[in-house]
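For reference, protein23.tsv (TSV, C-alpha atoms):
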chain	number	residue	atom	x	y	z
D	1	MET	CA	117.55	128.75	62.43
D	2	SER	CA	120.13	126.10	63.28
D	3	VAL	CA	122.71	128.79	64.09
D	4	GLY	CA	120.23	130.40	66.49
D	5	ILE	CA	119.56	127.07	68.19
D	6	ARG	CA	123.27	126.43	68.63
D	7	HIS	CA	123.74	129.91	70.05
D	8	ASP	CA	120.89	129.38	72.53
D	9	ASP	CA	122.33	126.03	73.59
D	10	LEU	CA	125.75	127.61	74.11
D	11	ARG	CA	124.26	130.47	76.11
D	12	LYS	CA	122.33	128.05	78.31
D	13	ARG	CA	125.42	125.91	78.88
D	14	ASN	CA	127.58	128.89	79.79
D	15	ARG	CA	124.96	130.32	82.14
D	16	ALA	CA	124.61	126.91	83.78
D	17	MET	CA	128.38	126.67	84.25
D	18	VAL	CA	128.55	130.06	85.95
D	19	ILE	CA	125.58	129.33	88.23
D	20	SER	CA	127.04	125.92	89.12
D	21	ALA	CA	130.44	127.43	89.90
D	22	VAL	CA	128.85	129.93	92.27
D	23	ARG	CA	126.70	127.27	93.95
D	24	ARG	CA	129.68	125.02	94.57
D	25	ALA	CA	132.17	127.66	95.66
D	26	GLY	CA	129.90	129.92	97.68
D	27	GLN	CA	131.23	133.40	96.83
D	28	PRO	CA	133.84	133.00	94.07
D	29	SER	CA	135.31	135.92	92.20
D	30	ARG	CA	134.95	136.17	88.43
D	31	THR	CA	138.60	135.14	88.15
D	32	GLU	CA	137.95	132.03	90.21
D	33	ILE	CA	134.92	131.18	88.06
D	34	ALA	CA	137.10	131.50	84.95
D	35	ALA	CA	139.63	129.09	86.44
D	36	THR	CA	136.87	126.61	87.32
D	37	THR	CA	134.86	126.75	84.11
D	38	GLY	CA	137.46	127.57	81.46
D	39	LEU	CA	135.23	130.36	80.16
D	40	SER	CA	136.82	133.64	79.11
D	41	HIS	CA	136.75	136.64	81.44
D	42	SER	CA	134.65	138.58	78.95
D	43	THR	CA	132.07	135.78	78.72
D	44	ILE	CA	131.87	135.53	82.51
D	45	SER	CA	131.56	139.31	82.83
D	46	THR	CA	128.66	139.37	80.37
D	47	ILE	CA	126.86	136.38	81.91
D	48	SER	CA	127.33	137.55	85.49
D	49	SER	CA	126.01	141.00	84.61
D	50	ASP	CA	122.93	139.41	83.05
D	51	LEU	CA	122.38	137.12	86.07
D	52	ILE	CA	122.76	140.02	88.48
D	53	GLY	CA	120.31	142.07	86.44
D	54	GLU	CA	117.82	139.19	86.54
D	55	GLY	CA	118.12	138.90	90.32
D	56	ILE	CA	119.72	135.44	90.19
D	57	LEU	CA	123.19	136.43	91.40
D	58	ALA	CA	124.38	139.28	93.57
D	59	GLU	CA	127.76	140.76	94.32
D	60	SER	CA	128.74	139.50	97.75
D	61	LYS	CA	129.29	141.83	100.66
D	62	GLY	CA	131.59	141.53	103.65
D	63	GLY	CA	134.57	139.29	104.12
D	64	GLU	CA	138.17	139.99	103.19
D	65	PRO	CA	138.41	140.48	99.44
D	66	ALA	CA	141.15	138.70	97.58
D	67	LEU	CA	143.68	140.98	95.91
D	68	MET	CA	144.56	140.93	92.27
D	69	LYS	CA	148.16	141.33	91.23
D	70	ARG	CA	147.65	145.05	90.65
D	71	GLY	CA	146.08	145.41	94.06
D	72	ARG	CA	142.50	145.94	92.94
D	73	PRO	CA	140.07	143.99	95.14
D	74	GLN	CA	138.04	141.25	93.50
D	75	VAL	CA	134.32	141.12	94.13
D	76	GLY	CA	132.73	137.80	94.91
D	77	LEU	CA	129.50	136.58	93.36
D	78	ALA	CA	126.79	134.88	95.42
D	79	LEU	CA	123.40	133.35	94.78
D	80	ASP	CA	120.62	135.82	95.49
D	81	PRO	CA	118.50	134.26	98.25
D	82	ASP	CA	115.38	136.07	96.98
D	83	ALA	CA	115.65	134.68	93.45
D	84	ALA	CA	113.44	131.68	94.22
D	85	ALA	CA	112.45	129.18	96.89
D	86	VAL	CA	111.98	125.42	97.01
D	87	VAL	CA	110.28	123.04	99.43
D	88	ALA	CA	111.85	119.80	100.69
D	89	VAL	CA	109.47	117.21	102.19
D	90	VAL	CA	110.55	114.04	104.03
D	91	LEU	CA	107.97	111.33	104.75
D	92	SER	CA	109.09	108.31	106.76
D	93	LEU	CA	107.66	105.89	109.28
D	94	ASN	CA	105.32	107.87	111.54
D	95	SER	CA	107.07	111.12	110.68
D	96	LEU	CA	106.57	114.03	108.29
D	97	SER	CA	108.87	117.03	108.06
D	98	ALA	CA	109.37	119.82	105.54
D	99	ALA	CA	111.38	122.97	105.00
D	100	LEU	CA	110.99	126.07	102.86
D	101	ILE	CA	114.44	126.96	101.51
D	102	ASP	CA	115.64	130.04	99.65
D	103	TYR	CA	117.76	130.02	96.48
D	104	ALA	CA	121.01	130.26	98.44
D	105	GLY	CA	120.13	127.17	100.47
D	106	ASN	CA	119.03	128.88	103.67
D	107	THR	CA	116.07	127.49	105.60
D	108	ILE	CA	113.27	130.07	105.80
D	109	ALA	CA	110.74	127.97	107.71
D	110	GLU	CA	110.39	124.34	108.78
D	111	GLU	CA	107.90	122.04	110.47
D	112	SER	CA	107.82	118.46	111.76
D	113	ARG	CA	104.81	116.32	112.60
D	114	ARG	CA	104.31	112.95	114.21
D	115	LEU	CA	101.91	110.73	112.25
D	116	VAL	CA	100.72	107.15	112.52
D	117	THR	CA	101.45	106.42	108.87
D	118	GLN	CA	100.54	102.73	108.90
D	119	ARG	CA	96.96	103.50	109.97
D	120	MET	CA	96.28	106.44	107.66
D	121	GLU	CA	94.37	106.37	104.40
D	122	ALA	CA	96.37	107.22	101.28
D	123	ASP	CA	94.41	110.43	100.71
D	124	THR	CA	95.04	111.49	104.30
D	125	LEU	CA	98.79	111.01	103.86
D	126	VAL	CA	98.71	113.17	100.75
D	127	ASP	CA	96.58	115.79	102.52
D	128	GLU	CA	99.11	115.94	105.35
D	129	CYS	CA	101.86	116.66	102.82
D	130	ILE	CA	99.75	119.33	101.13
D	131	GLY	CA	98.97	120.90	104.48
D	132	ILE	CA	102.56	121.13	105.66
D	133	VAL	CA	103.69	122.63	102.35
D	134	ARG	CA	100.89	125.18	102.42
D	135	ARG	CA	101.72	126.28	105.96
D	136	LEU	CA	105.39	126.73	105.11
D	137	ILE	CA	104.66	128.79	102.01
D	138	GLU	CA	102.29	131.01	103.97
D	139	ALA	CA	104.79	131.40	106.82
D	140	GLY	CA	107.75	132.07	104.53
D	141	ASN	CA	106.16	134.77	102.37
D	142	LYS	CA	109.36	135.02	100.35
D	143	GLY	CA	109.76	134.69	96.58
D	144	ALA	CA	108.31	132.22	94.13
D	145	VAL	CA	108.37	128.53	95.01
D	146	LEU	CA	109.68	126.89	91.84
D	147	ARG	CA	110.10	123.25	92.89
D	148	ILE	CA	108.90	120.77	95.51
D	149	ALA	CA	110.98	117.66	96.23
D	150	VAL	CA	109.49	114.81	98.26
D	151	ALA	CA	111.60	111.99	99.72
D	152	ILE	CA	109.75	108.90	100.93
D	153	GLN	CA	110.87	105.74	102.65
D	154	GLY	CA	110.01	103.06	100.14
D	155	VAL	CA	110.08	102.21	96.45
D	156	THR	CA	109.37	105.21	94.26
D	157	ASP	CA	109.00	105.72	90.54
D	158	SER	CA	110.79	108.94	89.67
D	159	GLY	CA	109.29	108.93	86.18
D	160	SER	CA	105.65	108.83	87.27
D	161	ARG	CA	106.61	110.49	90.58
D	162	THR	CA	104.63	107.94	92.54
D	163	LEU	CA	105.18	105.94	95.72
D	164	LEU	CA	104.97	102.35	94.46
D	165	TRP	CA	105.36	100.54	97.79
D	166	SER	CA	106.49	101.38	101.30
D	167	PRO	CA	106.54	99.64	104.69
D	168	ILE	CA	105.30	102.89	106.25
D	169	THR	CA	101.83	102.51	104.73
D	170	PRO	CA	99.59	99.62	103.60
D	171	HIS	CA	98.72	101.55	100.43
D	172	ASP	CA	100.48	101.22	97.07
D	173	ASP	CA	100.76	103.49	94.03
D	174	ILE	CA	100.12	106.82	95.76
D	175	PRO	CA	100.41	109.70	93.23
D	176	PHE	CA	102.00	112.27	95.55
D	177	ALA	CA	103.42	114.43	92.75
D	178	ASP	CA	100.18	114.74	90.77
D	179	LYS	CA	98.23	115.76	93.88
D	180	LEU	CA	100.82	118.34	94.99
D	181	GLU	CA	101.12	119.79	91.50
D	182	GLN	CA	97.34	120.14	91.25
D	183	GLU	CA	97.32	121.99	94.55
D	184	PHE	CA	100.29	124.34	94.07
D	185	GLY	CA	100.98	124.51	90.34
D	186	VAL	CA	104.66	123.77	90.97
D	187	PRO	CA	106.74	120.92	89.46
D	188	VAL	CA	107.17	118.09	91.98
D	189	THR	CA	109.59	115.19	92.17
D	190	VAL	CA	109.18	112.09	94.36
D	191	GLU	CA	112.39	110.34	95.37
D	192	ASN	CA	113.60	107.46	97.50
D	193	ASP	CA	114.94	108.73	100.82
D	194	CYS	CA	118.24	106.85	100.61
D	195	ASN	CA	118.92	108.25	97.16
D	196	MET	CA	118.57	111.70	98.67
D	197	ILE	CA	121.08	110.77	101.38
D	198	ALA	CA	123.57	109.92	98.63
D	199	GLU	CA	122.78	113.20	96.85
D	200	ALA	CA	123.51	115.14	100.05
D	201	LEU	CA	126.78	113.33	100.71
D	202	ARG	CA	128.06	114.31	97.27
D	203	TRP	CA	127.62	117.95	98.18
D	204	ARG	CA	128.82	117.70	101.77
D	205	ASP	CA	132.07	115.86	101.06
D	206	PRO	CA	132.81	115.68	97.31
D	207	SER	CA	136.39	114.51	97.92
D	208	ARG	CA	135.17	111.28	99.56
D	209	TYR	CA	131.77	110.84	97.93
D	210	ARG	CA	132.30	111.47	94.28
D	211	ASP	CA	132.30	108.91	91.47
D	212	ASP	CA	131.56	105.67	93.33
D	213	PHE	CA	130.14	105.28	96.84
D	214	ILE	CA	127.31	103.71	98.82
D	215	ALA	CA	125.06	105.13	101.53
D	216	ILE	CA	123.39	102.56	103.79
D	217	LEU	CA	120.50	103.60	106.03
D	218	LEU	CA	120.50	101.75	109.36
D	219	SER	CA	117.15	102.57	110.92
D	220	HIS	CA	113.85	100.81	111.48
D	221	GLY	CA	114.34	99.78	107.88
D	222	ILE	CA	117.50	99.20	105.86
D	223	GLY	CA	117.97	101.18	102.65
D	224	MET	CA	120.67	102.09	100.16
D	225	GLY	CA	121.68	104.92	97.87
D	226	LEU	CA	124.24	103.83	95.25
D	227	VAL	CA	126.37	106.12	93.09
D	228	THR	CA	128.40	104.54	90.27
D	229	LYS	CA	130.60	106.50	87.87
D	230	GLY	CA	129.18	109.71	89.24
D	231	GLU	CA	125.54	108.80	88.57
D	232	LEU	CA	122.86	107.92	91.09
D	233	PHE	CA	121.70	104.37	90.43
D	234	THR	CA	117.98	103.94	89.80
D	235	GLY	CA	115.96	101.19	88.21
D	236	THR	CA	114.09	101.48	84.93
D	237	GLN	CA	110.74	101.43	86.74
D	238	SER	CA	111.63	102.19	90.34
D	239	SER	CA	114.08	103.93	92.63
D	240	GLY	CA	116.28	100.82	92.66
D	241	GLY	CA	118.79	99.97	95.36
D	242	GLU	CA	116.48	97.99	97.70
D	243	PHE	CA	119.46	96.59	99.60
D	244	GLY	CA	117.45	95.86	102.74
D	245	HIS	CA	115.21	93.45	100.86
D	246	MET	CA	117.96	91.39	99.29
D	247	ILE	CA	117.74	87.86	100.70
D	248	HIS	CA	120.21	87.00	103.44
D	249	ARG	CA	118.74	83.65	104.44
D	250	PRO	CA	116.05	82.02	102.26
D	251	ASP	CA	112.88	81.32	104.26
D	252	GLY	CA	114.47	83.00	107.26
D	253	ALA	CA	113.18	85.63	109.67
D	254	LEU	CA	109.97	87.53	108.89
D	255	CYS	CA	110.54	90.97	107.35
D	256	ARG	CA	108.25	94.01	107.45
D	257	CYS	CA	107.74	93.59	103.71
D	258	GLY	CA	105.98	90.26	104.38
D	259	ARG	CA	108.75	88.15	102.87
D	260	ARG	CA	111.30	86.08	104.75
D	261	GLY	CA	115.05	86.21	105.12
D	262	CYS	CA	115.66	89.79	103.99
D	263	ILE	CA	118.75	91.63	105.23
D	264	GLU	CA	116.39	94.01	107.02
D	265	ALA	CA	114.84	91.10	108.93
D	266	TYR	CA	118.20	90.78	110.72
D	267	ALA	CA	119.60	94.33	110.63
D	268	GLY	CA	116.60	96.64	110.95
D	269	ASN	CA	115.95	98.17	114.37
D	270	TYR	CA	112.93	95.92	114.90
D	271	ALA	CA	115.00	92.85	113.98
D	272	ILE	CA	117.83	93.75	116.35
D	273	TRP	CA	115.27	94.32	119.11
D	274	ARG	CA	113.55	91.00	118.33
D	275	ASN	CA	116.82	89.06	118.46
D	276	ALA	CA	118.07	90.89	121.55
D	277	ARG	CA	114.86	89.89	123.33
D	278	GLN	CA	115.24	86.35	121.94
D	279	GLY	CA	111.88	86.66	120.25
D	280	ASP	CA	110.34	84.40	117.66
D	281	GLU	CA	111.66	85.13	114.14
D	282	ASN	CA	108.17	84.40	112.85
D	283	ALA	CA	106.61	87.07	115.08
D	284	GLU	CA	105.13	90.18	113.48
D	285	PRO	CA	107.79	92.93	113.48
D	286	LEU	CA	107.22	95.84	115.86
D	287	ALA	CA	105.68	98.84	114.15
D	288	ASP	CA	108.14	101.33	115.61
D	289	LEU	CA	110.97	101.76	118.11
D	290	SER	CA	112.48	104.88	119.59
D	291	ASP	CA	116.09	105.86	119.03
D	292	GLY	CA	116.51	105.55	122.79
D	293	ASP	CA	115.49	101.88	122.65
D	294	ILE	CA	118.27	101.11	120.15
D	295	ARG	CA	120.88	103.11	122.05
D	296	ALA	CA	119.95	101.22	125.24
D	297	LEU	CA	120.44	97.89	123.45
D	298	ALA	CA	123.82	99.08	122.18
D	299	ASP	CA	124.88	100.13	125.68
D	300	ALA	CA	123.91	96.71	127.03
D	301	ALA	CA	125.82	94.97	124.22
D	302	ARG	CA	128.95	97.00	125.01
D	303	ASP	CA	128.58	96.28	128.73
D	304	HIS	CA	128.33	92.50	128.65
D	305	ASP	CA	128.18	89.47	126.40
D	306	GLY	CA	124.63	88.27	125.87
D	307	PRO	CA	121.67	88.30	123.48
D	308	GLU	CA	122.06	92.04	122.81
D	309	ARG	CA	125.60	91.60	121.53
D	310	GLU	CA	124.54	88.56	119.53
D	311	ALA	CA	121.75	90.59	117.91
D	312	PHE	CA	124.25	93.16	116.65
D	313	ARG	CA	126.52	90.36	115.44
D	314	LYS	CA	123.68	88.96	113.35
D	315	ALA	CA	122.94	92.43	111.99
D	316	GLY	CA	126.56	93.00	110.99
D	317	GLU	CA	126.76	89.59	109.37
D	318	ALA	CA	123.63	90.19	107.29
D	319	ILE	CA	124.89	93.58	106.12
D	320	GLY	CA	128.36	92.21	105.36
D	321	PHE	CA	127.18	89.29	103.27
D	322	GLY	CA	124.87	91.62	101.36
D	323	LEU	CA	127.68	94.06	100.65
D	324	GLY	CA	130.01	91.23	99.69
D	325	SER	CA	127.50	90.05	97.11
D	326	MET	CA	127.25	93.58	95.77
D	327	PHE	CA	131.03	93.94	95.57
D	328	ALA	CA	131.15	90.81	93.44
D	329	LEU	CA	129.31	92.93	90.83
D	330	PHE	CA	130.57	96.43	91.63
D	331	ASP	CA	134.06	97.52	92.63
D	332	PRO	CA	134.47	98.20	96.35
D	333	ALA	CA	133.65	101.81	97.20
D	334	PRO	CA	133.51	104.09	100.25
D	335	LEU	CA	130.49	103.47	102.46
D	336	ALA	CA	128.51	105.79	104.70
D	337	PHE	CA	126.30	104.20	107.35
D	338	VAL	CA	123.55	106.64	108.27
D	339	GLY	CA	120.83	106.63	110.93
D	340	VAL	CA	120.46	105.70	114.57
D	341	GLY	CA	121.88	102.24	113.82
D	342	ALA	CA	125.16	103.94	112.90
D	343	THR	CA	125.57	104.88	116.59
D	344	ALA	CA	126.02	101.15	117.24
D	345	PHE	CA	128.18	100.47	114.20
D	346	ASP	CA	131.19	99.73	116.41
D	347	LEU	CA	129.31	96.60	117.49
D	348	MET	CA	128.60	95.55	113.91
D	349	GLU	CA	131.73	96.57	112.02
D	350	PRO	CA	133.94	93.54	112.83
D	351	HIS	CA	131.16	91.21	111.68
D	352	VAL	CA	130.48	93.29	108.57
D	353	ARG	CA	134.14	93.05	107.57
D	354	ALA	CA	134.38	89.35	108.41
D	355	ALA	CA	131.32	88.55	106.29
D	356	ILE	CA	132.56	90.62	103.33
D	357	ALA	CA	135.90	88.81	103.52
D	358	LYS	CA	134.13	85.45	103.06
D	359	THR	CA	132.61	86.52	99.73
D	360	ALA	CA	134.02	87.04	96.24
D	361	GLY	CA	133.55	90.74	96.83
D	362	GLY	CA	135.96	90.50	99.75
D	363	LEU	CA	139.00	90.11	97.51
D	364	HIS	CA	139.55	93.86	97.86
D	365	SER	CA	138.01	94.28	101.30
D	366	LYS	CA	141.01	96.24	102.58
D	367	ALA	CA	140.12	99.01	100.12
D	368	ILE	CA	136.66	99.47	101.67
D	369	SER	CA	136.33	102.39	104.07
D	370	PHE	CA	133.45	103.14	106.43
D	371	ASP	CA	132.08	106.39	107.80
D	372	THR	CA	129.03	107.01	110.00
D	373	GLU	CA	126.39	109.72	110.40
D	374	PRO	CA	123.80	109.21	113.18
D	375	ASN	CA	120.98	111.42	111.89
D	376	GLU	CA	119.48	110.71	108.49
D	377	VAL	CA	116.75	113.38	108.36
D	378	PRO	CA	119.03	116.39	107.75
D	379	LEU	CA	120.78	114.47	104.98
D	380	ILE	CA	117.52	113.43	103.33
D	381	ARG	CA	116.24	117.00	103.48
D	382	GLU	CA	119.54	118.34	102.15
D	383	GLY	CA	119.42	115.90	99.26
D	384	CYS	CA	115.88	117.01	98.41
D	385	MET	CA	116.99	120.63	98.65
D	386	MET	CA	119.89	120.12	96.25
D	387	ARG	CA	117.77	118.13	93.82
D	388	ALA	CA	115.22	120.94	93.76
D	389	LEU	CA	117.74	123.80	93.57
D	390	LEU	CA	119.69	122.15	90.77
D	391	TYR	CA	116.46	121.83	88.82
D	392	VAL	CA	115.91	125.58	89.23
D	393	ASP	CA	119.53	126.24	88.21
D	394	ASP	CA	119.47	124.08	85.09
D	395	GLU	CA	115.89	124.19	83.89
D	396	VAL	CA	114.67	127.64	84.92
D	397	PHE	CA	117.55	130.08	85.31
D	398	ALA	CA	120.17	128.67	82.90
D	399	PRO	CA	117.83	128.93	79.87
D	400	GLY	CA	116.76	132.39	81.01
D	401	THR	CA	113.15	131.38	81.68
D	402	PRO	CA	111.50	134.16	83.67
D	403	ALA	CA	110.74	133.03	87.20
D	404	ARG	CA	107.32	133.54	88.63
D	405	ARG	CA	107.75	136.14	91.32
D	406	ALA	CA	104.37	135.81	92.97
D	407	GLN	CA	103.58	133.36	95.70
D	408	VAL	CA	101.98	130.16	94.45
D	409	GLY	CA	99.05	128.09	95.59
D	410	VAL	CA	98.22	129.82	98.84
D	411	ALA	CA	94.71	131.00	98.11
This structure in structure tokens:
Amino acid sequence: MSVGIRHDDLRKRNRAMVISAVRRAGQPSRTEIAATTGLSHSTISTISSDLIGEGILAESKGGEPALMKRGRPQVGLALDPDAAAVVAVVLSLNSLSAALIDYAGNTIAEESRRLVTQRMEADTLVDECIGIVRRLIEAGNKGAVLRIAVAIQGVTDSGSRTLLWSPITPHDDIPFADKLEQEFGVPVTVENDCNMIAEALRWRDPSRYRDDFIAILLSHGIGMGLVTKGELFTGTQSSGGEFGHMIHRPDGALCRCGRRGCIEAYAGNYAIWRNARQGDENAEPLADLSDGDIRALADAARDHDGPEREAFRKAGEAIGFGLGSMFALFDPAPLAFVGVGATAFDLMEPHVRAAIAKTAGGLHSKAISFDTEPNEVPLIREGCMMRALLYVDDEVFAPGTPARRAQVGVA
């Protein structure tokens, strides 16, 4: 019995290595997979034949084949798009979007909706998510959906797959995963949106975003995805990484979370707008701002010295002191600033660096590098997609579990 278990574990591991090599490389040859994985050519030949027979992999067509030393062309292996499908859902302030994605990572169908999330009942929010998923599955009509990944702006519990708290809604403890699973019969994960940004960056640029890096969301809210030693940081009971709600100034400006002095209360879009308009720091934060509003403030700040420029200075200072405090605990790491606020990062960067340099974490500030990405939604969706597809790779196809080939939950 124990020998059989060990053999099954080895088979699963080897299948997972081959699938992972194909997913990372795109259309590698068997020889390239051997070089990547260290598996023997005979093992790879056997596994790839099995995976092709199961409809998980396919021999790639087109392109210029690489030549072996004896001149025989090598055949690339690719993920079979029809092997499965996943759904990626992104719920943020007043916005809901989702995509149906095939096993090779191609978008089959997508939809976006404008919602007034802060005025909706919890059940209505869940129903909106169910509705958008249902419409995509019906429109896609392609393969079995084997995983649904939901990214939400706020504090999530990945274990219970619940939204614990979010500034986008007055309701707490919303069991999104349970409701979606009841509706579609498909495993569901609920993740923090910034964590999914970090997940996407690892796949987009693994040379820069690998073992240690930080993704900071600069939008209406301020969020963070933190990767240390190659692992996404999460708390024991929550998504962790609530950088925006670290305290910058005790008893300071009013934050959307209801507390005072948070980093977000100085660096969130609503905070920059409030300071640029020389508003009262005790005033209730604006519910929403357009990207155009923030870009207009940035243009004014670049054009002349005044309250707009001062607002971005305060934002950069708050972010910098927060990062400096973090770097007193963690080694400095590459940073990606994501979201519409990143389009104005040139106005904040000098103040971010100056604030970091004043902290203990600034001892190695010269080693810190910044990069920017102005649109967070594609990254969040991509992170959800990869989280879902990797689940299918490792937990469904690597063990050899037969996939359900019929459409799910669209009665």
Exercise. Can you pull out every residue within 6 Å of stretch 375-385 of chain D, counting only C-alpha atoms, but drop anything in the same chain fewer than 4 positions away, and send it as an MDAnalysis selection string?
Key: chainID D and resid 88 149 193 196:197 199:200 338:339
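Picture a line from atom CA of D:Ala398 to atom CA of D:Leu77; it runs 16.1 Å.
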From the list D:Gly105, D:Glu111, D:Glu121, D:Ala300, the nearest residue to D:Arg135 using all atoms listed in the file is D:Glu111
task = Compile the contact shell of D:Gly258 as a list in words: residues with an atom at most 12 Å away, counting all atoms listed in the file, same-chain residues fewer than 3 positions apart removed.
result = Ser166, Pro167, Pro170, His245, Asp251, Gly252, Ala253, Leu254, Cys255, Gly261, Cys262, Glu264, Ala265, Asn282, Ala283, Glu284 and Pro285 of chain D
Quick one: residues within 10 Å of stretch 42-47 of chain D, only C-alpha atoms, excluding same-chain residues fewer than 6 positions away - as JSON, numbers by chain? {"D": [11, 14, 15, 16, 17, 18, 19, 30, 31, 33, 34, 53]}
At most 12 Å is the cut-off: for each residue in stretch 270-380 of chain D with any atom that close to an atom of stretch 204-216 of chain D, write down the nearest atom pair and the distance in Å rounded to one decimal, counting only C-alpha atoms, chain first then increasing number, as CSV.
residue,atom,partner,partner_atom,distance
D:Ile319,CA,D:Ile216,CA,9.4
D:Gly320,CA,D:Ile216,CA,11.6
D:Gly322,CA,D:Ile216,CA,11.3
D:Leu323,CA,D:Ile214,CA,9.8
D:Met326,CA,D:Ile214,CA,10.6
D:Phe327,CA,D:Ile214,CA,10.9
D:Phe330,CA,D:Asp212,CA,9.4
D:Asp331,CA,D:Asp212,CA,8.6
D:Pro332,CA,D:Phe213,CA,8.3
D:Ala333,CA,D:Phe213,CA,4.9
D:Pro334,CA,D:Phe213,CA,4.9
D:Leu335,CA,D:Ile214,CA,4.8
D:Ala336,CA,D:Ala215,CA,4.7
D:Phe337,CA,D:Ile216,CA,4.9
D:Val338,CA,D:Ile216,CA,6.1
D:Gly339,CA,D:Ile216,CA,8.6
D:Val340,CA,D:Ile216,CA,11.6
D:Gly341,CA,D:Ile216,CA,10.1
D:Ala342,CA,D:Ile216,CA,9.4
D:Phe345,CA,D:Ile216,CA,11.6
D:Ile368,CA,D:Phe213,CA,10.0
D:Ser369,CA,D:Phe213,CA,9.9
D:Phe370,CA,D:Ile214,CA,9.8
D:Asp371,CA,D:Ala215,CA,9.5
D:Thr372,CA,D:Ile216,CA,9.5
D:Glu373,CA,D:Ala215,CA,10.1
D:Pro374,CA,D:Ile216,CA,11.5
D:Glu376,CA,D:Ile216,CA,10.2
D:Pro378,CA,D:Arg204,CA,11.5
D:Leu379,CA,D:Arg204,CA,9.2
D:Ile380,CA,D:Ala215,CA,11.4
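Of the listed residues D:Ala198, D:Leu100, D:Leu146, D:Val116, the one whose atoms come nearest to D:Arg134 is D:Leu100, with distances taken using all atoms listed in the file.
Here the question is which of D:Gly55, D:Ala21, D:Ala139, D:Asp50 gets nearest to D:Gly38 using only C-alpha atoms, and that residue is D:Ala21.
Here atom CA of D:His351 is placed at a distance of 9.5 Å from atom CA of D:Phe321.
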Who sits within 6 Å of D:Ala151, only C-alpha atoms, same chain under 2 positions skipped, as JSON, numbers by chain = {"D": [90, 190, 191, 192, 193]}
Pull out stretch 307-347 of chain D, keep C-alpha atoms, and write it as a compact mmCIF listing (two decimals), in the first residue's frame.
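Wrote out09.txt, looks like this:
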# COMPACT_ATOMS: atom_id res chain seq x y z
CA PRO D 307 -2.64 73.23 -3.19
CA GLU D 308 -2.72 70.50 -5.86
CA ARG D 309 1.04 70.02 -5.72
CA GLU D 310 0.93 70.14 -1.93
CA ALA D 311 -1.73 67.41 -1.91
CA PHE D 312 0.53 65.08 -3.88
CA ARG D 313 3.43 65.95 -1.58
CA LYS D 314 1.38 64.88 1.42
CA ALA D 315 0.39 61.67 -0.36
CA GLY D 316 4.00 60.82 -1.19
CA GLU D 317 5.11 61.57 2.35
CA ALA D 318 2.44 59.28 3.84
CA ILE D 319 3.35 56.44 1.50
CA GLY D 320 7.08 56.92 2.10
CA PHE D 321 6.88 56.88 5.88
CA GLY D 322 4.68 53.79 5.70
CA LEU D 323 7.15 52.00 3.44
CA GLY D 324 10.05 53.09 5.61
CA SER D 325 8.39 51.52 8.63
CA MET D 326 7.87 48.33 6.65
CA PHE D 327 11.49 48.26 5.50
CA ALA D 328 12.57 48.42 9.13
CA LEU D 329 11.01 44.93 9.39
CA PHE D 330 11.48 43.59 5.85
CA ASP D 331 14.45 44.03 3.54
CA PRO D 332 13.93 46.63 0.82
CA ALA D 333 12.38 45.12 -2.29
CA PRO D 334 11.22 46.19 -5.75
CA LEU D 335 7.93 48.10 -5.71
CA ALA D 336 5.16 48.35 -8.28
CA PHE D 337 2.72 51.25 -7.94
CA VAL D 338 -0.52 50.32 -9.66
CA GLY D 339 -3.71 52.24 -10.44
CA VAL D 340 -4.71 55.68 -11.64
CA GLY D 341 -2.62 57.25 -8.86
CA ALA D 342 0.46 55.76 -10.53
CA THR D 343 -0.09 58.19 -13.43
CA ALA D 344 0.81 60.96 -10.97
CA PHE D 345 3.65 59.10 -9.30
CA ASP D 346 6.20 61.55 -10.73
CA LEU D 347 4.66 64.12 -8.37
